[in-house]
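Asker: Handing over run39.pdb, PDB, C-alpha atoms and all ligand atoms.
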ATOM      1  CA  MET A   1       7.857 -17.094   7.382
ATOM      2  CA  ILE A   2       8.951 -15.044   4.348
ATOM      3  CA  ASP A   3       9.377 -18.161   2.195
ATOM      4  CA  ALA A   4       5.961 -19.484   3.186
ATOM      5  CA  ILE A   5       4.387 -16.111   2.388
ATOM      6  CA  LYS A   6       6.172 -15.911  -0.982
ATOM      7  CA  LYS A   7       4.923 -19.371  -1.858
ATOM      8  CA  ARG A   8       1.360 -18.543  -0.841
ATOM      9  CA  VAL A   9       1.327 -15.301  -2.838
ATOM     10  CA  GLU A  10       2.799 -17.013  -5.909
ATOM     11  CA  GLU A  11       0.114 -19.654  -5.694
ATOM     12  CA  LYS A  12      -2.676 -17.125  -5.145
ATOM     13  CA  LEU A  13      -1.649 -14.833  -8.025
ATOM     14  CA  SER A  14      -0.475 -17.622 -10.346
ATOM     15  CA  GLY A  15      -2.972 -16.640 -13.040
ATOM     16  CA  HIS A  16      -1.881 -13.010 -12.886
ATOM     17  CA  GLN A  17       1.731 -12.880 -13.953
ATOM     18  CA  LYS A  18       1.861  -9.093 -14.332
ATOM     19  CA  ARG A  19       0.525  -8.594 -10.830
ATOM     20  CA  LEU A  20       3.010 -11.071  -9.442
ATOM     21  CA  THR A  21       5.845  -9.193 -11.152
ATOM     22  CA  HIS A  22       4.479  -5.987  -9.612
ATOM     23  CA  VAL A  23       4.336  -7.581  -6.150
ATOM     24  CA  PHE A  24       7.954  -8.737  -6.364
ATOM     25  CA  GLY A  25       8.921  -5.301  -7.652
ATOM     26  CA  VAL A  26       7.268  -3.708  -4.610
ATOM     27  CA  TYR A  27       9.037  -6.233  -2.384
ATOM     28  CA  GLU A  28      12.509  -5.476  -3.793
ATOM     29  CA  THR A  29      11.957  -1.721  -3.754
ATOM     30  CA  ALA A  30      10.562  -1.762  -0.216
ATOM     31  CA  VAL A  31      13.478  -3.829   1.104
ATOM     32  CA  LYS A  32      15.979  -1.365  -0.418
ATOM     33  CA  LEU A  33      14.186   1.568   1.199
ATOM     34  CA  ALA A  34      13.917  -0.293   4.510
ATOM     35  CA  GLU A  35      17.699  -0.862   4.525
ATOM     36  CA  ILE A  36      18.349   2.820   3.890
ATOM     37  CA  HIS A  37      15.871   4.032   6.501
ATOM     38  CA  HIS A  38      16.625   1.331   9.090
ATOM     39  CA  VAL A  39      13.160  -0.173   9.098
ATOM     40  CA  ASN A  40      12.645  -3.837  10.045
ATOM     41  CA  ILE A  41      13.284  -5.813   6.850
ATOM     42  CA  GLU A  42      11.175  -8.808   7.774
ATOM     43  CA  LYS A  43       8.124  -6.701   8.577
ATOM     44  CA  VAL A  44       8.476  -4.661   5.391
ATOM     45  CA  SER A  45       8.903  -7.857   3.342
ATOM     46  CA  ILE A  46       5.735  -9.418   4.719
ATOM     47  CA  ALA A  47       3.661  -6.285   4.073
ATOM     48  CA  ALA A  48       5.074  -5.820   0.551
ATOM     49  CA  LEU A  49       4.561  -9.438  -0.484
ATOM     50  CA  PHE A  50       1.010  -9.583   0.840
ATOM     51  CA  HIS A  51      -0.323  -6.126  -0.086
ATOM     52  CA  ASP A  52      -2.197  -7.193  -3.251
ATOM     53  CA  PHE A  53      -3.027 -10.718  -2.108
ATOM     54  CA  ALA A  54      -6.810 -10.218  -2.454
ATOM     55  CA  LYS A  55      -6.683  -8.101  -5.622
ATOM     56  CA  TYR A  56      -8.525 -10.594  -7.844
ATOM     57  CA  ASP A  57     -10.971 -11.975  -5.315
ATOM     58  CA  GLU A  58     -14.623 -11.296  -6.034
ATOM     59  CA  ILE A  59     -15.886  -8.235  -4.147
ATOM     60  CA  GLU A  60     -18.217 -10.507  -2.143
ATOM     61  CA  ASP A  61     -15.195 -12.513  -1.003
ATOM     62  CA  GLN A  62     -13.150  -9.399  -0.264
ATOM     63  CA  VAL A  63     -15.782  -8.011   2.087
ATOM     64  CA  MET A  64     -16.705 -11.367   3.641
ATOM     65  CA  HIS A  65     -14.948 -10.777   6.984
ATOM     66  CA  MET A  66     -15.584  -7.039   7.220
ATOM     67  CA  ASP A  67     -18.173  -5.378   9.405
ATOM     68  CA  LEU A  68     -21.094  -3.641   7.751
ATOM     69  CA  LYS A  69     -19.830  -0.215   8.790
ATOM     70  CA  THR A  70     -16.549  -0.678   6.906
ATOM     71  CA  ILE A  71     -18.303  -2.099   3.853
ATOM     72  CA  LYS A  72     -20.685   0.866   3.730
ATOM     73  CA  GLN A  73     -17.929   3.372   4.426
ATOM     74  CA  TYR A  74     -16.062   2.388   1.257
ATOM     75  CA  ALA A  75     -18.993   1.454  -0.965
ATOM     76  CA  GLU A  76     -18.158   4.329  -3.309
ATOM     77  CA  TYR A  77     -14.475   3.343  -3.387
ATOM     78  CA  PRO A  78     -14.440  -0.456  -3.598
ATOM     79  CA  VAL A  79     -10.745  -0.400  -4.571
ATOM     80  CA  ILE A  80     -10.038  -0.195  -0.838
ATOM     81  CA  TYR A  81     -11.575  -3.591  -0.114
ATOM     82  CA  HIS A  82      -8.654  -5.535  -1.621
ATOM     83  CA  ALA A  83      -6.264  -3.839   0.830
ATOM     84  CA  MET A  84      -8.470  -4.455   3.877
ATOM     85  CA  ALA A  85      -9.116  -8.050   2.749
ATOM     86  CA  ALA A  86      -5.375  -8.767   2.344
ATOM     87  CA  ALA A  87      -4.718  -7.623   5.924
ATOM     88  CA  ILE A  88      -7.512  -9.855   7.193
ATOM     89  CA  ALA A  89      -6.189 -12.827   5.167
ATOM     90  CA  LEU A  90      -2.665 -12.360   6.535
ATOM     91  CA  GLU A  91      -4.029 -12.372  10.056
ATOM     92  CA  HIS A  92      -6.163 -15.467   9.403
ATOM     93  CA  GLU A  93      -3.647 -17.518   7.421
ATOM     94  CA  PHE A  94      -0.347 -16.559   9.051
ATOM     95  CA  HIS A  95      -1.550 -15.272  12.446
ATOM     96  CA  VAL A  96       0.188 -11.955  11.936
ATOM     97  CA  ARG A  97      -1.042  -9.522  14.585
ATOM     98  CA  ASP A  98       1.612  -6.841  14.162
ATOM     99  CA  GLN A  99      -0.451  -3.709  13.518
ATOM    100  CA  GLU A 100       2.341  -1.966  11.662
ATOM    101  CA  ILE A 101       2.504  -4.763   9.078
ATOM    102  CA  LEU A 102      -1.280  -4.906   8.835
ATOM    103  CA  ASN A 103      -1.553  -1.117   8.510
ATOM    104  CA  GLY A 104       1.103  -1.118   5.783
ATOM    105  CA  ILE A 105      -1.231  -3.380   3.819
ATOM    106  CA  ARG A 106      -4.518  -1.713   4.807
ATOM    107  CA  TYR A 107      -3.402   1.777   3.817
ATOM    108  CA  HIS A 108      -1.332   1.023   0.723
ATOM    109  CA  VAL A 109      -3.862   2.537  -1.680
ATOM    110  CA  TRP A 110      -4.335   6.062  -0.322
ATOM    111  CA  GLY A 111      -1.933   6.198   2.577
ATOM    112  CA  ARG A 112      -3.204   7.948   5.686
ATOM    113  CA  PRO A 113      -2.080  10.770   7.962
ATOM    114  CA  ASN A 114       0.725  10.048  10.405
ATOM    115  CA  MET A 115       2.016   6.805   8.862
ATOM    116  CA  SER A 116       4.955   4.903  10.268
ATOM    117  CA  ASP A 117       8.063   4.661   8.069
ATOM    118  CA  LEU A 118       7.071   1.083   7.211
ATOM    119  CA  GLU A 119       3.671   2.248   5.964
ATOM    120  CA  LYS A 120       5.250   5.046   3.924
ATOM    121  CA  ILE A 121       7.719   2.594   2.367
ATOM    122  CA  ILE A 122       4.939   0.243   1.248
ATOM    123  CA  PHE A 123       2.858   3.142  -0.046
ATOM    124  CA  ILE A 124       5.764   4.643  -2.025
ATOM    125  CA  SER A 125       7.063   1.296  -3.324
ATOM    126  CA  ASP A 126       3.611   0.475  -4.675
ATOM    127  CA  SER A 127       3.914   3.579  -6.922
ATOM    128  CA  CYS A 128       7.556   3.457  -7.892
ATOM    129  CA  GLU A 129       8.542  -0.197  -8.238
ATOM    130  CA  PRO A 130      10.376  -0.476 -11.584
ATOM    131  CA  ASN A 131       7.679  -2.514 -13.360
ATOM    132  CA  ARG A 132       5.141   0.284 -12.960
ATOM    133  CA  ASN A 133       5.377   2.200 -16.193
ATOM    134  CA  PHE A 134       5.614   5.580 -14.525
ATOM    135  CA  SER A 135       8.219   7.669 -16.288
ATOM    136  CA  ASP A 136       9.287   9.140 -12.981
ATOM    137  CA  SER A 137       9.489   5.972 -10.901
ATOM    138  CA  GLU A 138      13.289   6.218 -10.678
ATOM    139  CA  MET A 139      13.051   9.823  -9.566
ATOM    140  CA  ILE A 140      10.493   8.872  -6.893
ATOM    141  CA  PHE A 141      12.776   6.120  -5.648
ATOM    142  CA  GLU A 142      15.699   8.567  -5.448
ATOM    143  CA  MET A 143      13.504  11.023  -3.563
ATOM    144  CA  ALA A 144      12.412   8.246  -1.184
ATOM    145  CA  THR A 145      16.007   7.300  -0.413
ATOM    146  CA  LYS A 146      16.461  10.835   0.919
ATOM    147  CA  ASP A 147      13.088  11.786   2.349
ATOM    148  CA  LEU A 148      10.104   9.482   2.858
ATOM    149  CA  ASN A 149       7.696  12.331   3.593
ATOM    150  CA  GLN A 150       8.515  14.173   0.364
ATOM    151  CA  ALA A 151       8.134  10.975  -1.652
ATOM    152  CA  THR A 152       4.864  10.148   0.125
ATOM    153  CA  GLU A 153       3.419  13.555  -0.785
ATOM    154  CA  TYR A 154       4.614  13.173  -4.365
ATOM    155  CA  CYS A 155       3.050   9.718  -4.773
ATOM    156  CA  MET A 156      -0.201  10.955  -3.253
ATOM    157  CA  LYS A 157      -0.296  13.810  -5.764
ATOM    158  CA  ILE A 158       0.286  11.420  -8.695
ATOM    159  CA  SER A 159      -2.428   9.107  -7.467
ATOM    160  CA  ILE A 160      -4.933  11.953  -7.016
ATOM    161  CA  ASP A 161      -4.145  13.370 -10.482
ATOM    162  CA  HIS A 162      -4.571   9.890 -11.935
ATOM    163  CA  VAL A 163      -7.979   9.451 -10.313
ATOM    164  CA  ILE A 164      -9.128  12.906 -11.468
ATOM    165  CA  ALA A 165      -7.949  12.166 -15.027
ATOM    166  CA  LYS A 166     -10.239   9.141 -15.006
ATOM    167  CA  GLY A 167     -13.165  11.386 -14.067
ATOM    168  CA  ILE A 168     -13.420  10.092 -10.499
ATOM    169  CA  ASN A 169     -13.503  12.291  -7.421
ATOM    170  CA  PRO A 170     -10.693  11.465  -4.986
ATOM    171  CA  SER A 171     -12.025  10.224  -1.680
ATOM    172  CA  PRO A 172     -12.047  12.580   1.317
ATOM    173  CA  GLU A 173      -9.556  10.263   3.080
ATOM    174  CA  GLN A 174      -7.187  10.414   0.143
ATOM    175  CA  MET A 175      -7.329  14.229   0.101
ATOM    176  CA  GLU A 176      -6.913  14.397   3.862
ATOM    177  CA  SER A 177      -3.757  12.264   3.711
ATOM    178  CA  TYR A 178      -2.320  14.366   0.908
ATOM    179  CA  HIS A 179      -2.933  17.638   2.758
ATOM    180  CA  TYR A 180      -1.438  16.149   5.882
ATOM    181  CA  TYR A 181       1.855  15.341   4.095
ATOM    182  CA  LYS A 182       1.871  18.727   2.377
ATOM    183  CA  GLU A 183       1.766  20.305   5.827
ATOM    184  CA  VAL A 184       4.424  17.930   7.157
ATOM    185  CA  ASN A 185       6.734  18.910   4.316
ATOM    186  CA  ARG A 186       6.069  22.602   4.859
ATOM    187  CA  GLY A 187       7.170  22.095   8.447
ATOM    188  CA  GLU A 188       3.695  22.772   9.822
ATOM    189  CA  ILE A 189       3.349  19.293  11.377
ATOM    190  CA  LYS A 190       6.254  17.659  13.119
TER     191      LYS A 190
HETATM  192 FE    FE A 201      -3.242  -2.653  -4.292
HETATM  193 FE    FE A 202       0.140  -2.951  -5.543
END
Using the file provided, produce a representation of the structure as structure tokens.

Answerer:
Amino acid sequence: MIDAIKKRVEEKLSGHQKRLTHVFGVYETAVKLAEIHHVNIEKVSIAALFHDFAKYDEIEDQVMHMDLKTIKQYAEYPVIYHAMAAAIALEHEFHVRDQEILNGIRYHVWGRPNMSDLEKIIFISDSCEPNRNFSDSEMIFEMATKDLNQATEYCMKISIDHVIAKGINPSPEQMESYHYYKEVNRGEIK
């Protein structure tokens, strides 16, 4: 299964070498974190390899199998479509029905409240894989080896700051997820 998925992703992103390098960086980082935190390696691998599968599809293709409600819900934040579309493609092409894998892909952009460890690992690895030119990616990885919730909050903060710096308002869902993990790390949510 993993080899078939690797092959499919390589083929799909063959014109996008940088993205492919990123995807394999996420994959390696996520597997390391999964080993440390005793999360299923195969499931993490599938989610990591497939998370940006639909990144370069036309928006019309990304939303093709989505219901109108979802399309409208994210019309202001079309970046989310590539995540939703990748989950749909994995289900269609590889018959993956495991909701944890699919959610790891669906929520890799903003995260969401109450994620499983697998989802957190994909979310964090997307920010801190070594090919991302974040100066603090090593520090984030170190943090994630010790505490996934702390690293999740940290990555959410970076992502929100990044969006604001570009003059875009963070989405309500993104803010909600961030506040959720702030509360978790303050011990207010168990
Ligand atoms: Fe992505
Ligand atoms: Fe990514």

Asker: Taking only C-alpha atoms and all ligand atoms into account, which residues have an atom no farther than 9 Å from ligand FE 202 (chain A)? I'd like them as a PyMOL selection string.

Answerer: chain A and resi 19+22-23+26+48+51-52+55+108-109+122-123+125-127

Asker: In file coordinates, which residues lie within 12 Å of (-4.6, 11.7, -8.2) using all atoms listed in the file, given as number ranges by chain?

Answerer: A: 109-110, 127, 153-171, 174-175, 177-178

Asker: Which residue gives the smallest distance to Ala85 (chain A) among A:Gly187, A:Arg106, A:Lys69, A:Gln99, with all atoms listed in the file counted?

Answerer: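 Of A:Gly187, A:Arg106, A:Lys69, A:Gln99, the one nearest Ala85 (chain A) is A:Arg106, counting all atoms listed in the file.
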
Asker: In Å, how far is it from CA of Met66 (chain A) to CA of Glu42 (chain A)?

Answerer: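 CA of Glu42 (chain A) lies at a distance of 26.8 Å from CA of Met66 (chain A).
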
Asker: With distances taken over all atoms listed in the file, which of A:Tyr27, A:Phe94, A:Tyr181, A:Tyr107 is nearest to ligand FE 201 (chain A)?

Answerer: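 That would be A:Tyr107, the residue with the smallest distance to ligand FE 201 (chain A).
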
Asker: If you measure from CA of Glu76 (chain A) to CA of His92 (chain A), what distance in Å do you get, rounded to one decimal?

Answerer: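 That distance, rounded to one decimal, is 26.4 Å.
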
Asker: Could you jot down the CA of Tyr56 (chain A) to CA of Lys72 (chain A) separation for me, Å, one decimal place?

Answerer: 20.3 Å

Asker: Go through A:Met64, A:Cys128, A:Asp117, A:Arg112 one by one, measure the shortest atom-to-atom distance of each to His179 (chain A) using all atoms listed in the file, and give the residue with the smallest value.

Answerer: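 Distance minimum relative to His179 (chain A) lands on A:Arg112.
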
Asker: For a quick check of understanding, using only C-alpha atoms, which of A:Val31, A:Leu49, A:Ala75, A:Ala86 has the smallest distance to Ala4 (chain A)?

Answerer: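 Looking at the shortest contact to Ala4 (chain A), the residue is A:Leu49.
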
Asker: Write only C-alpha atoms for region 12-143 of chain A from the block just shown, as an mmCIF file, in the first residue's frame.

Answerer:
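Everything below was put into selection-v3.cif:
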data_model
loop_
_atom_site.group_PDB
_atom_site.id
_atom_site.type_symbol
_atom_site.label_atom_id
_atom_site.label_comp_id
_atom_site.auth_asym_id
_atom_site.auth_seq_id
_atom_site.Cartn_x
_atom_site.Cartn_y
_atom_site.Cartn_z
ATOM 1 C CA LYS A 12 0.991 13.240 -9.571
ATOM 2 C CA LEU A 13 3.520 15.832 -8.355
ATOM 3 C CA SER A 14 6.191 15.023 -10.953
ATOM 4 C CA GLY A 15 6.156 18.571 -12.320
ATOM 5 C CA HIS A 16 6.539 20.035 -8.841
ATOM 6 C CA GLN A 17 9.870 18.888 -7.504
ATOM 7 C CA LYS A 18 9.911 21.275 -4.538
ATOM 8 C CA ARG A 19 6.501 20.095 -3.408
ATOM 9 C CA LEU A 20 7.549 16.486 -3.749
ATOM 10 C CA THR A 21 10.616 17.167 -1.601
ATOM 11 C CA HIS A 22 8.307 18.806 0.950
ATOM 12 C CA VAL A 23 5.959 15.800 0.919
ATOM 13 C CA PHE A 24 8.816 13.368 1.546
ATOM 14 C CA GLY A 25 10.115 15.676 4.263
ATOM 15 C CA VAL A 26 6.701 15.588 5.955
ATOM 16 C CA TYR A 27 6.659 11.805 5.570
ATOM 17 C CA GLU A 28 10.074 11.310 7.218
ATOM 18 C CA THR A 29 9.337 13.777 10.009
ATOM 19 C CA ALA A 30 5.905 12.287 10.690
ATOM 20 C CA VAL A 31 7.277 8.736 10.849
ATOM 21 C CA LYS A 32 9.925 9.820 13.390
ATOM 22 C CA LEU A 33 7.277 11.473 15.555
ATOM 23 C CA ALA A 34 4.964 8.470 15.194
ATOM 24 C CA GLU A 35 7.733 6.155 16.457
ATOM 25 C CA ILE A 36 8.335 8.368 19.477
ATOM 26 C CA HIS A 37 4.653 8.753 20.323
ATOM 27 C CA HIS A 38 3.643 5.171 19.474
ATOM 28 C CA VAL A 39 1.258 6.092 16.694
ATOM 29 C CA ASN A 40 0.538 3.626 13.869
ATOM 30 C CA ILE A 41 3.356 4.114 11.350
ATOM 31 C CA GLU A 42 1.445 2.885 8.331
ATOM 32 C CA LYS A 43 -1.485 5.214 8.951
ATOM 33 C CA VAL A 44 0.788 8.201 9.542
ATOM 34 C CA SER A 45 2.767 7.374 6.380
ATOM 35 C CA ILE A 46 -0.339 7.258 4.209
ATOM 36 C CA ALA A 47 -1.652 10.578 5.547
ATOM 37 C CA ALA A 48 1.748 12.296 5.222
ATOM 38 C CA LEU A 49 2.385 11.083 1.681
ATOM 39 C CA PHE A 50 -1.077 12.031 0.456
ATOM 40 C CA HIS A 51 -1.690 15.327 2.285
ATOM 41 C CA ASP A 52 -0.783 17.640 -0.630
ATOM 42 C CA PHE A 53 -1.876 15.298 -3.412
ATOM 43 C CA ALA A 54 -4.414 17.779 -4.856
ATOM 44 C CA LYS A 55 -2.322 20.917 -4.299
ATOM 45 C CA TYR A 56 -1.922 21.793 -7.989
ATOM 46 C CA ASP A 57 -5.312 20.692 -9.249
ATOM 47 C CA GLU A 58 -7.512 23.441 -10.631
ATOM 48 C CA ILE A 59 -9.973 24.725 -8.020
ATOM 49 C CA GLU A 60 -12.845 23.367 -10.145
ATOM 50 C CA ASP A 61 -11.279 19.909 -9.957
ATOM 51 C CA GLN A 62 -10.566 20.209 -6.239
ATOM 52 C CA VAL A 63 -14.195 20.940 -5.419
ATOM 53 C CA MET A 64 -15.651 18.490 -7.951
ATOM 54 C CA HIS A 65 -16.726 15.848 -5.405
ATOM 55 C CA MET A 66 -17.655 18.225 -2.592
ATOM 56 C CA ASP A 67 -21.163 19.197 -1.596
ATOM 57 C CA LEU A 68 -22.282 22.763 -2.151
ATOM 58 C CA LYS A 69 -22.364 23.469 1.578
ATOM 59 C CA THR A 70 -18.662 22.654 1.977
ATOM 60 C CA ILE A 71 -17.717 24.627 -1.126
ATOM 61 C CA LYS A 72 -19.598 27.685 0.136
ATOM 62 C CA GLN A 73 -18.291 27.285 3.670
ATOM 63 C CA TYR A 74 -14.686 27.698 2.518
ATOM 64 C CA ALA A 75 -15.201 30.056 -0.411
ATOM 65 C CA GLU A 76 -13.227 32.759 1.393
ATOM 66 C CA TYR A 77 -10.430 30.308 2.239
ATOM 67 C CA PRO A 78 -9.946 28.193 -0.886
ATOM 68 C CA VAL A 79 -6.614 26.900 0.464
ATOM 69 C CA ILE A 80 -8.682 24.339 2.372
ATOM 70 C CA TYR A 81 -10.010 22.700 -0.787
ATOM 71 C CA HIS A 82 -6.704 20.971 -1.602
ATOM 72 C CA ALA A 83 -6.800 19.200 1.782
ATOM 73 C CA MET A 84 -10.434 18.102 1.445
ATOM 74 C CA ALA A 85 -9.830 17.029 -2.175
ATOM 75 C CA ALA A 86 -6.790 14.908 -1.210
ATOM 76 C CA ALA A 87 -8.867 13.018 1.373
ATOM 77 C CA ILE A 88 -11.572 12.380 -1.211
ATOM 78 C CA ALA A 89 -8.980 11.203 -3.776
ATOM 79 C CA LEU A 90 -7.411 8.790 -1.281
ATOM 80 C CA GLU A 91 -10.813 7.313 -0.568
ATOM 81 C CA HIS A 92 -11.651 7.016 -4.279
ATOM 82 C CA GLU A 93 -8.304 5.729 -5.545
ATOM 83 C CA PHE A 94 -7.118 3.559 -2.655
ATOM 84 C CA HIS A 95 -10.422 2.838 -0.871
ATOM 85 C CA VAL A 96 -9.091 4.192 2.395
ATOM 86 C CA ARG A 97 -11.999 4.619 4.806
ATOM 87 C CA ASP A 98 -10.011 5.069 8.010
ATOM 88 C CA GLN A 99 -11.319 8.380 9.353
ATOM 89 C CA GLU A 100 -8.171 9.096 11.318
ATOM 90 C CA ILE A 101 -6.049 8.972 8.154
ATOM 91 C CA LEU A 102 -8.604 11.013 6.230
ATOM 92 C CA ASN A 103 -8.892 13.578 9.036
ATOM 93 C CA GLY A 104 -5.101 13.882 9.201
ATOM 94 C CA ILE A 105 -5.252 14.991 5.572
ATOM 95 C CA ARG A 106 -8.443 17.071 5.801
ATOM 96 C CA TYR A 107 -7.245 19.149 8.742
ATOM 97 C CA HIS A 108 -3.564 19.544 7.896
ATOM 98 C CA VAL A 109 -3.867 23.240 7.054
ATOM 99 C CA TRP A 110 -5.432 24.713 10.197
ATOM 100 C CA GLY A 111 -5.697 21.743 12.499
ATOM 101 C CA ARG A 112 -8.894 21.505 14.516
ATOM 102 C CA PRO A 113 -9.877 21.164 18.167
ATOM 103 C CA ASN A 114 -9.467 17.763 19.787
ATOM 104 C CA MET A 115 -7.208 16.144 17.173
ATOM 105 C CA SER A 116 -5.893 12.624 17.508
ATOM 106 C CA ASP A 117 -2.118 12.224 17.886
ATOM 107 C CA LEU A 118 -1.951 11.175 14.226
ATOM 108 C CA GLU A 119 -3.647 14.405 13.148
ATOM 109 C CA LYS A 120 -1.337 16.486 15.342
ATOM 110 C CA ILE A 121 1.718 14.724 13.893
ATOM 111 C CA ILE A 122 0.671 15.489 10.312
ATOM 112 C CA PHE A 123 -0.183 19.077 11.211
ATOM 113 C CA ILE A 124 3.151 19.667 12.986
ATOM 114 C CA SER A 125 5.258 17.832 10.384
ATOM 115 C CA ASP A 126 3.758 19.989 7.642
ATOM 116 C CA SER A 127 5.264 23.043 9.425
ATOM 117 C CA CYS A 128 8.571 21.673 10.609
ATOM 118 C CA GLU A 129 9.822 19.230 7.981
ATOM 119 C CA PRO A 130 13.467 20.183 7.315
ATOM 120 C CA ASN A 131 12.905 21.496 3.773
ATOM 121 C CA ARG A 132 10.567 24.213 5.029
ATOM 122 C CA ASN A 133 12.798 27.216 5.449
ATOM 123 C CA PHE A 134 11.545 28.041 8.915
ATOM 124 C CA SER A 135 14.465 29.000 11.109
ATOM 125 C CA ASP A 136 12.846 27.255 14.038
ATOM 126 C CA SER A 137 11.825 24.004 12.368
ATOM 127 C CA GLU A 138 14.398 22.027 14.376
ATOM 128 C CA MET A 139 13.165 23.576 17.596
ATOM 129 C CA ILE A 140 9.560 22.697 16.686
ATOM 130 C CA PHE A 141 10.583 19.120 15.978
ATOM 131 C CA GLU A 142 12.355 18.907 19.352
ATOM 132 C CA MET A 143 9.272 20.324 21.053
#
